[in-house]
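Source file entry_21.cif; content: mmCIF, C-alpha atoms.
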data_model
#
loop_
_atom_site.label_atom_id
_atom_site.label_comp_id
_atom_site.auth_asym_id
_atom_site.auth_seq_id
_atom_site.Cartn_x
_atom_site.Cartn_y
_atom_site.Cartn_z
CA MET A 1 -32.60 -29.14 -8.84
CA ASP A 2 -36.07 -27.94 -9.88
CA ASP A 3 -37.34 -24.38 -9.45
CA ARG A 4 -39.27 -25.15 -6.28
CA SER A 5 -36.29 -26.80 -4.60
CA ARG A 6 -34.05 -23.94 -5.60
CA PHE A 7 -36.57 -21.44 -4.23
CA GLU A 8 -36.67 -23.26 -0.91
CA GLU A 9 -32.87 -23.42 -0.77
CA PHE A 10 -32.56 -19.68 -1.27
CA ALA A 11 -35.31 -19.00 1.27
CA ARG A 12 -33.27 -20.79 3.94
CA LEU A 13 -30.05 -18.88 3.35
CA ALA A 14 -28.92 -16.63 6.20
CA THR A 15 -28.11 -13.91 3.67
CA GLU A 16 -31.68 -13.95 2.34
CA GLN A 17 -33.50 -13.31 5.61
CA ARG A 18 -35.40 -10.14 6.48
CA ASN A 19 -33.98 -7.91 9.19
CA PRO A 20 -36.62 -7.31 11.90
CA ARG A 21 -34.86 -4.11 12.91
CA THR A 22 -35.34 -2.41 9.54
CA MET A 23 -38.89 -3.35 8.53
CA ASP A 24 -39.84 0.35 8.49
CA LEU A 25 -36.89 1.43 6.35
CA ASP A 26 -39.02 3.07 3.68
CA THR A 27 -40.73 5.33 6.24
CA LEU A 28 -37.60 6.83 7.74
CA SER A 29 -35.93 10.17 7.17
CA VAL A 30 -32.53 10.30 5.51
CA GLU A 31 -30.75 10.64 8.85
CA ASP A 32 -32.71 7.81 10.40
CA VAL A 33 -31.96 5.48 7.49
CA LEU A 34 -28.28 6.29 7.93
CA ARG A 35 -28.45 5.71 11.68
CA ARG A 36 -30.11 2.35 11.15
CA ILE A 37 -27.43 1.33 8.64
CA SER A 38 -24.71 2.51 11.01
CA ALA A 39 -26.21 0.55 13.91
CA GLU A 40 -26.19 -2.62 11.81
CA ASP A 41 -22.63 -1.98 10.62
CA GLN A 42 -21.48 -1.97 14.24
CA ARG A 43 -22.32 -5.68 14.42
CA VAL A 44 -19.63 -6.50 11.85
CA PRO A 45 -16.41 -6.15 13.90
CA ALA A 46 -17.71 -8.53 16.57
CA ALA A 47 -18.58 -11.13 13.95
CA VAL A 48 -15.08 -10.84 12.49
CA ALA A 49 -13.37 -11.01 15.90
CA HIS A 50 -15.28 -14.21 16.69
CA GLU A 51 -13.63 -15.89 13.69
CA ILE A 52 -10.02 -14.94 14.46
CA PRO A 53 -8.90 -18.54 15.21
CA TYR A 54 -10.12 -19.56 11.75
CA ILE A 55 -8.66 -16.48 10.07
CA ALA A 56 -5.36 -17.34 11.73
CA ALA A 57 -5.50 -20.87 10.31
CA ALA A 58 -6.05 -19.41 6.84
CA VAL A 59 -3.12 -17.03 7.27
CA GLU A 60 -0.83 -19.91 8.28
CA ARG A 61 -1.71 -21.68 5.05
CA VAL A 62 -1.03 -18.56 3.00
CA VAL A 63 2.36 -18.05 4.66
CA THR A 64 3.21 -21.68 3.96
CA SER A 65 2.26 -21.13 0.32
CA PHE A 66 4.44 -18.03 0.00
CA ARG A 67 7.43 -19.83 1.51
CA ALA A 68 6.94 -22.73 -0.89
CA GLY A 69 6.83 -20.40 -3.90
CA GLY A 70 3.06 -20.71 -4.17
CA ARG A 71 0.25 -18.21 -4.45
CA LEU A 72 -2.85 -16.94 -2.69
CA ILE A 73 -5.76 -17.02 -5.13
CA TYR A 74 -9.10 -15.46 -4.24
CA VAL A 75 -12.21 -16.63 -6.08
CA GLY A 76 -15.56 -14.85 -5.94
CA ALA A 77 -18.53 -13.47 -7.84
CA GLY A 78 -20.14 -10.04 -7.73
CA THR A 79 -19.21 -8.00 -4.66
CA SER A 80 -17.20 -10.88 -3.21
CA GLY A 81 -15.19 -11.27 -6.41
CA ARG A 82 -14.51 -7.53 -6.62
CA LEU A 83 -13.26 -7.50 -3.04
CA GLY A 84 -10.86 -10.34 -3.83
CA VAL A 85 -9.50 -8.60 -6.91
CA LEU A 86 -9.21 -5.33 -4.97
CA ASP A 87 -7.23 -6.92 -2.16
CA ALA A 88 -4.96 -8.71 -4.61
CA SER A 89 -4.30 -5.56 -6.63
CA GLU A 90 -3.22 -3.63 -3.53
CA CYS A 91 -0.55 -6.12 -2.43
CA PRO A 92 2.23 -5.23 -4.94
CA PRO A 93 2.41 -1.50 -4.12
CA THR A 94 1.90 -2.06 -0.38
CA PHE A 95 4.27 -4.96 0.17
CA GLY A 96 6.51 -5.02 -2.89
CA ALA A 97 5.20 -8.48 -3.69
CA PRO A 98 5.15 -9.79 -7.26
CA PRO A 99 1.62 -9.58 -8.73
CA GLU A 100 1.57 -13.37 -9.07
CA TRP A 101 1.73 -13.90 -5.30
CA VAL A 102 -1.86 -12.76 -4.69
CA GLN A 103 -4.41 -13.03 -7.48
CA GLY A 104 -8.13 -12.45 -7.71
CA VAL A 105 -10.49 -14.43 -9.93
CA ILE A 106 -13.99 -13.06 -10.49
CA ALA A 107 -16.90 -14.77 -12.22
CA GLY A 108 -17.43 -13.08 -15.57
CA GLY A 109 -13.83 -11.90 -15.84
CA ALA A 110 -12.60 -8.31 -16.04
CA PRO A 111 -15.93 -6.85 -17.30
CA ALA A 112 -17.57 -7.99 -14.05
CA LEU A 113 -15.38 -5.62 -12.08
CA VAL A 114 -17.36 -2.60 -13.26
CA ARG A 115 -20.67 -4.08 -14.40
CA ALA A 116 -22.79 -7.06 -13.38
CA VAL A 117 -22.38 -9.99 -15.77
CA GLU A 118 -25.71 -11.80 -15.80
CA GLY A 119 -25.53 -15.42 -14.75
CA ALA A 120 -21.74 -15.49 -14.33
CA GLU A 121 -21.94 -16.68 -10.73
CA ASP A 122 -23.97 -19.73 -11.77
CA ARG A 123 -21.42 -21.05 -14.27
CA ALA A 124 -19.76 -23.77 -12.23
CA GLU A 125 -17.80 -25.04 -15.22
CA GLU A 126 -16.06 -21.66 -15.57
CA GLY A 127 -14.95 -21.72 -11.95
CA ASP A 128 -13.55 -25.20 -12.47
CA ARG A 129 -11.78 -24.13 -15.65
CA ALA A 130 -10.27 -21.04 -14.02
CA MET A 131 -8.32 -23.21 -11.59
CA LEU A 132 -7.03 -25.38 -14.41
CA GLU A 133 -5.99 -22.35 -16.46
CA LEU A 134 -4.09 -20.95 -13.46
CA ARG A 135 -2.40 -24.32 -13.01
CA VAL A 136 -3.28 -24.41 -9.35
CA GLY A 137 -1.24 -26.94 -7.41
CA PRO A 138 -0.16 -28.11 -3.95
CA ALA A 139 1.93 -25.00 -3.23
CA ASP A 140 -1.08 -22.68 -3.61
CA THR A 141 -3.85 -21.57 -1.27
CA VAL A 142 -7.24 -20.87 -2.84
CA ILE A 143 -9.79 -18.87 -0.84
CA GLY A 144 -13.40 -18.82 -1.95
CA ILE A 145 -15.42 -15.72 -1.06
CA ALA A 146 -19.21 -16.05 -1.15
CA ALA A 147 -21.59 -14.47 1.34
CA SER A 148 -24.25 -17.12 0.74
CA ARG A 149 -21.72 -19.99 0.56
CA ARG A 150 -23.55 -21.67 -2.34
CA THR A 151 -22.30 -19.63 -5.36
CA PRO A 152 -21.73 -22.32 -8.06
CA PHE A 153 -18.72 -20.59 -9.70
CA VAL A 154 -16.93 -20.35 -6.36
CA VAL A 155 -17.93 -23.77 -5.06
CA ALA A 156 -16.68 -25.44 -8.23
CA ALA A 157 -13.41 -23.49 -8.25
CA VAL A 158 -12.61 -24.37 -4.65
CA ALA A 159 -13.52 -28.03 -5.20
CA ARG A 160 -11.22 -28.20 -8.24
CA ALA A 161 -8.41 -26.45 -6.34
CA ARG A 162 -8.74 -28.98 -3.53
CA ALA A 163 -8.66 -31.85 -6.02
CA LEU A 164 -5.45 -30.37 -7.44
CA GLY A 165 -3.85 -30.47 -4.00
CA ALA A 166 -4.10 -26.79 -3.05
CA GLY A 167 -4.90 -25.59 0.44
CA THR A 168 -8.44 -24.21 0.56
CA ALA A 169 -10.37 -21.76 2.70
CA TYR A 170 -13.79 -20.15 2.42
CA VAL A 171 -15.02 -16.75 3.60
CA THR A 172 -18.78 -16.74 4.00
CA CYS A 173 -21.60 -15.20 6.00
CA THR A 174 -23.29 -18.57 6.48
CA PRO A 175 -23.45 -19.84 10.08
CA ARG A 176 -20.89 -22.55 10.80
CA GLY A 177 -23.61 -25.07 11.55
CA GLU A 178 -24.90 -24.68 8.00
CA PHE A 179 -21.52 -24.83 6.27
CA THR A 180 -21.08 -28.18 4.52
CA LEU A 181 -18.35 -27.63 1.93
CA ASP A 182 -15.14 -29.64 2.10
CA VAL A 183 -12.38 -27.08 2.75
CA ASP A 184 -9.39 -26.82 5.06
CA VAL A 185 -10.61 -23.66 6.78
CA ALA A 186 -14.09 -22.10 6.91
CA ILE A 187 -14.42 -18.49 8.08
CA CYS A 188 -18.10 -18.01 8.94
CA LEU A 189 -19.02 -14.39 9.58
CA GLU A 190 -22.43 -14.27 11.22
CA VAL A 191 -23.34 -10.64 10.59
CA GLY A 192 -27.09 -11.27 10.49
CA PRO A 193 -29.66 -10.16 7.91
CA GLU A 194 -28.86 -7.10 5.84
CA VAL A 195 -30.54 -3.72 6.32
CA LEU A 196 -31.92 -4.26 2.82
CA MET A 197 -32.83 -7.91 2.42
CA GLY A 198 -30.25 -9.81 0.37
CA SER A 199 -28.01 -6.79 -0.30
CA THR A 200 -24.78 -8.55 0.65
CA ARG A 201 -22.68 -5.62 -0.54
CA MET A 202 -23.52 -4.15 2.88
CA LYS A 203 -22.63 -5.93 6.15
CA SER A 204 -21.50 -9.10 4.42
CA GLY A 205 -19.23 -7.19 2.05
CA THR A 206 -17.83 -5.09 4.89
CA ALA A 207 -17.04 -8.20 6.92
CA GLN A 208 -15.40 -9.90 3.96
CA LYS A 209 -13.27 -6.82 3.25
CA LEU A 210 -12.06 -6.75 6.84
CA VAL A 211 -11.11 -10.43 6.70
CA LEU A 212 -9.21 -10.08 3.42
CA ASN A 213 -7.32 -7.11 4.86
CA MET A 214 -6.41 -9.25 7.86
CA ILE A 215 -5.31 -12.25 5.81
CA THR A 216 -2.93 -10.49 3.45
CA THR A 217 -1.58 -7.96 5.94
CA THR A 218 -0.79 -10.66 8.51
CA ALA A 219 0.63 -13.04 5.90
CA PHE A 220 2.99 -10.35 4.63
CA VAL A 221 3.99 -9.35 8.17
CA ARG A 222 4.95 -13.00 8.69
CA SER A 223 6.82 -12.94 5.38
CA GLY A 224 9.21 -10.14 6.34
CA LYS A 225 7.48 -7.33 4.50
CA VAL A 226 7.01 -5.20 7.63
CA TYR A 227 9.39 -3.77 10.24
CA GLU A 228 7.77 -2.50 13.42
CA ASN A 229 4.53 -1.18 11.88
CA LEU A 230 6.07 0.18 8.71
CA MET A 231 5.90 -0.94 5.09
CA VAL A 232 9.53 -1.64 4.27
CA ASP A 233 9.01 -3.41 0.95
CA LEU A 234 6.59 -0.93 -0.61
CA MET A 235 6.99 -0.04 -4.27
CA ALA A 236 7.56 3.67 -4.82
CA THR A 237 5.23 3.89 -7.81
CA SER A 238 3.86 7.36 -7.03
CA GLN A 239 5.21 10.54 -5.47
CA LYS A 240 3.25 9.77 -2.30
CA LEU A 241 4.98 6.40 -2.00
CA VAL A 242 8.39 7.91 -2.78
CA GLU A 243 7.93 10.31 0.12
CA ARG A 244 6.58 7.54 2.34
CA SER A 245 9.74 5.56 1.63
CA ARG A 246 11.86 8.47 2.78
CA ARG A 247 9.74 9.06 5.88
CA THR A 248 10.00 5.35 6.73
CA VAL A 249 13.79 5.41 6.60
CA MET A 250 13.86 8.62 8.62
CA ALA A 251 11.52 7.20 11.26
CA VAL A 252 13.55 4.02 11.76
CA THR A 253 17.05 5.49 11.62
CA GLY A 254 16.56 9.04 12.88
CA CYS A 255 18.37 10.47 9.85
CA ASP A 256 17.40 13.62 7.98
CA TYR A 257 15.57 13.89 4.65
CA ALA A 258 18.66 14.25 2.49
CA THR A 259 20.37 11.28 4.12
CA ALA A 260 17.29 9.10 3.68
CA SER A 261 16.97 10.07 0.03
CA ARG A 262 20.62 9.34 -0.65
CA ALA A 263 20.52 6.01 1.19
CA ILE A 264 17.48 4.81 -0.73
CA GLU A 265 19.20 5.63 -4.02
CA GLU A 266 22.39 3.88 -2.94
CA ALA A 267 20.30 0.89 -1.85
CA GLY A 268 18.82 0.49 -5.32
CA LYS A 269 15.47 1.95 -4.17
CA SER A 270 15.14 -0.71 -1.46
CA VAL A 271 13.82 0.74 1.81
CA LYS A 272 14.84 -2.40 3.69
CA THR A 273 18.38 -2.24 2.45
CA ALA A 274 18.66 1.48 3.16
CA ILE A 275 17.53 0.93 6.75
CA VAL A 276 20.11 -1.79 7.38
CA MET A 277 22.84 0.26 5.70
CA LEU A 278 22.17 3.27 7.90
CA LYS A 279 21.49 1.39 11.14
CA LEU A 280 24.62 -0.73 10.84
CA ASP A 281 26.74 1.78 8.90
CA CYS A 282 27.54 -0.86 6.31
CA PRO A 283 27.71 -0.94 2.50
CA ARG A 284 24.85 -2.14 0.34
CA SER A 285 26.41 -5.53 -0.30
CA ASP A 286 26.66 -6.28 3.43
CA ALA A 287 23.10 -5.09 4.06
CA GLU A 288 21.75 -7.26 1.26
CA ARG A 289 23.68 -10.27 2.55
CA ARG A 290 22.32 -9.78 6.06
CA LEU A 291 18.76 -9.49 4.76
CA GLU A 292 19.16 -12.60 2.66
CA ARG A 293 20.42 -14.58 5.66
CA ALA A 294 17.52 -13.24 7.71
CA GLY A 295 14.92 -14.32 5.17
CA GLY A 296 14.07 -10.70 4.41
CA PHE A 297 13.20 -9.78 8.01
CA VAL A 298 14.71 -6.40 8.91
CA ARG A 299 14.65 -6.99 12.66
CA ALA A 300 16.56 -10.26 12.30
CA ALA A 301 19.01 -8.69 9.86
CA LEU A 302 19.77 -5.93 12.35
CA ALA A 303 20.21 -8.46 15.14
CA GLY A 304 22.40 -10.65 12.95
CA ALA A 305 20.06 -13.61 13.53
CA GLU A 306 18.30 -15.83 11.03
CA THR A 307 14.53 -16.36 11.10
#

Exercise: express the given structure as structure tokens:
Amino acid sequence: MDDRSRFEEFARLATEQRNPRTMDLDTLSVEDVLRRISAEDQRVPAAVAHEIPYIAAAVERVVTSFRAGGRLIYVGAGTSGRLGVLDASECPPTFGAPPEWVQGVIAGGAPALVRAVEGAEDRAEEGDRAMLELRVGPADTVIGIAASRRTPFVVAAVARARALGAGTAYVTCTPRGEFTLDVDVAICLEVGPEVLMGSTRMKSGTAQKLVLNMITTTAFVRSGKVYENLMVDLMATSQKLVERSRRTVMAVTGCDYATASRAIEEAGKSVKTAIVMLKLDCPRSDAERRLERAGGFVRAALAGAET
């Protein structure tokens, strides 16, 4: 593609349009700039809600991957890549999931997390190679994240993942009518032009963050990592999480602080196991057996039913 063709391609992108509601941005007071940004941000939740059927389809694929021993792998560049890595890094402490279950790949590697790596997003061959190095296969789900849709690193990675048999999804801020990539699920968040033309760290990034939150949270709910609305597989890696573990057991069972603390210790630090032990007044071995039969779902373990 020559320079002129590339220029014209970029000029057509939804993420590169000017916002008619912020043409006077440089004339506004501090408060008025903030109000204008806030008004635009309020368009994001509606754009996300519109895509729920597609987000649900992506979640189903992720759950299938988890049950098959596969992984969720996010791939992105710049802001999109950082959001993927962020979401992946928060899954182990929140859900007690092995770090391998959810991984983030960013163009330019680890240095790109804290500083822009010039040209990294344009290196299609590196996106392709990243999937090969991760040994992506049919059990995995790979989700590309690119506001503009056309990021070469991401496009190549997703194409390679698909060729390797993985399930594929794409989170973009390109209108569905303009989305032409071959993926299983496209999530097209039409948030409109940014307050600052092309600054996709703003509405686009906010929308992407919301979607990633939804994907992993829902996938882990459907994987038995949540009871009621409580994290019951969290990893107590800080004092805050230790106390949250105790409060969780207390909230579910109605026991006091000392009893919760003792039960968690007797359960080998497992909040799930402690809950079942206390609710059913059974030893650790019985609680663990019930949870195993229930596929890790606390509610099913308490009911004595399998999921």

Can you check which parts of range 84-115 of chain A lie within 12 Å of range 239-263 of chain A? Per residue, the shortest pair of atoms and distance in Å to one decimal, counting only C-alpha atoms, sorted by chain and number, as CSV.
residue,atom,partner,partner_atom,distance
A:Pro93,CA,A:Leu241,CA,8.6
A:Thr94,CA,A:Leu241,CA,9.1
A:Phe95,CA,A:Leu241,CA,11.6
A:Gly96,CA,A:Leu241,CA,11.6

Checklist entry - With only C-alpha atoms as the atoms that count, which of A:Ser199, A:Thr172, A:Thr22, A:Thr15 lies nearest to Ile145 in chain A? => result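 Once distances to Ile145 in chain A are computed over only C-alpha atoms, the minimum belongs to A:Thr172.
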
Item to check | Closest of A:Gly165, A:Ala219, A:Val195, A:Asp281 to Arg35 in chain A - atom-to-atom distances counting all atoms listed in the file | outcome: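 Of A:Gly165, A:Ala219, A:Val195, A:Asp281, the one nearest Arg35 in chain A, counting all atoms listed in the file, is A:Val195.
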
Next on the checklist: If we count only C-alpha atoms and set the cut-off at 8 Å, which residues sit around range 60-75 of chain A, ignoring sequence neighbours fewer than 6 positions away in its own chain? Please answer as an NGL selection string.
Outcome noted: :A and (81 or 84-85 or 88 or 100-107 or 139-145 or 154 or 157-158 or 167 or 219-220 or 222-223)

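When the PyMOL selection byres ((chain A and resi 155) around 9) is evaluated on the file shown here, the picked residues come out as A:Ala124, A:Gly127, A:Asp128, A:Gly144, A:Ala146, A:Arg149, A:Arg150, A:Thr151, A:Pro152, A:Phe153, A:Val154, A:Ala156, A:Ala157, A:Val158, A:Ala159, A:Arg160, A:Leu181.
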
Next on the checklist: Nearest residue to Gly205 in chain A out of A:Ala169, A:Leu83, A:Leu164, A:Val276, using only C-alpha atoms?
Outcome noted: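 Looking only at the distances to Gly205 in chain A, the closest residue turns out to be A:Leu83.
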
Checklist entry - Written as a PyMOL selection string, which residues does the PyMOL selection byres ((chain A and resi 49) around 12) give for the file shown? => result chain A and resi 43-48+50-56+187-191+207+210-211+214

Selection export as a PDB file, in the frame of the given file, atoms kept: C-alpha atoms:
ATOM      1  CA  ARG A  43     -22.320  -5.680  14.420  1.00  0.00           C
ATOM      2  CA  VAL A  44     -19.630  -6.500  11.850  1.00  0.00           C
ATOM      3  CA  PRO A  45     -16.410  -6.150  13.900  1.00  0.00           C
ATOM      4  CA  ALA A  46     -17.710  -8.530  16.570  1.00  0.00           C
ATOM      5  CA  ALA A  47     -18.580 -11.130  13.950  1.00  0.00           C
ATOM      6  CA  VAL A  48     -15.080 -10.840  12.490  1.00  0.00           C
ATOM      7  CA  HIS A  50     -15.280 -14.210  16.690  1.00  0.00           C
ATOM      8  CA  GLU A  51     -13.630 -15.890  13.690  1.00  0.00           C
ATOM      9  CA  ILE A  52     -10.020 -14.940  14.460  1.00  0.00           C
ATOM     10  CA  PRO A  53      -8.900 -18.540  15.210  1.00  0.00           C
ATOM     11  CA  TYR A  54     -10.120 -19.560  11.750  1.00  0.00           C
ATOM     12  CA  ILE A  55      -8.660 -16.480  10.070  1.00  0.00           C
ATOM     13  CA  ALA A  56      -5.360 -17.340  11.730  1.00  0.00           C
ATOM     14  CA  ILE A 187     -14.420 -18.490   8.080  1.00  0.00           C
ATOM     15  CA  CYS A 188     -18.100 -18.010   8.940  1.00  0.00           C
ATOM     16  CA  LEU A 189     -19.020 -14.390   9.580  1.00  0.00           C
ATOM     17  CA  GLU A 190     -22.430 -14.270  11.220  1.00  0.00           C
ATOM     18  CA  VAL A 191     -23.340 -10.640  10.590  1.00  0.00           C
ATOM     19  CA  ALA A 207     -17.040  -8.200   6.920  1.00  0.00           C
ATOM     20  CA  LEU A 210     -12.060  -6.750   6.840  1.00  0.00           C
ATOM     21  CA  VAL A 211     -11.110 -10.430   6.700  1.00  0.00           C
ATOM     22  CA  MET A 214      -6.410  -9.250   7.860  1.00  0.00           C
TER      23      MET A 214
END

Next on the checklist: Report as a list in words all protein, DNA and RNA residues lying within 8 Å of range 108-111 of chain A, evaluated on only C-alpha atoms, omitting residues in the same chain fewer than 4 positions from it.
Outcome noted: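 Returned residues: Ala77, Arg115, Ala116, Val117, Ala120 and Glu121 of chain A.
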
Checklist entry - Between A:Gly224, A:Ala97, A:Ile264, A:Ser80, which is the closest to Leu291 in chain A once you count all atoms listed in the file? => result A:Gly224

Checklist outcome for this item: From CA of Thr79 in chain A to CA of Asp32 in chain A the spacing works out at 25.7 Å

Checklist outcome for this item: Counting only C-alpha atoms, closest pick from A:Val136, A:Lys203, A:Met277, A:Pro99 relative to Met235 in chain A is A:Pro99
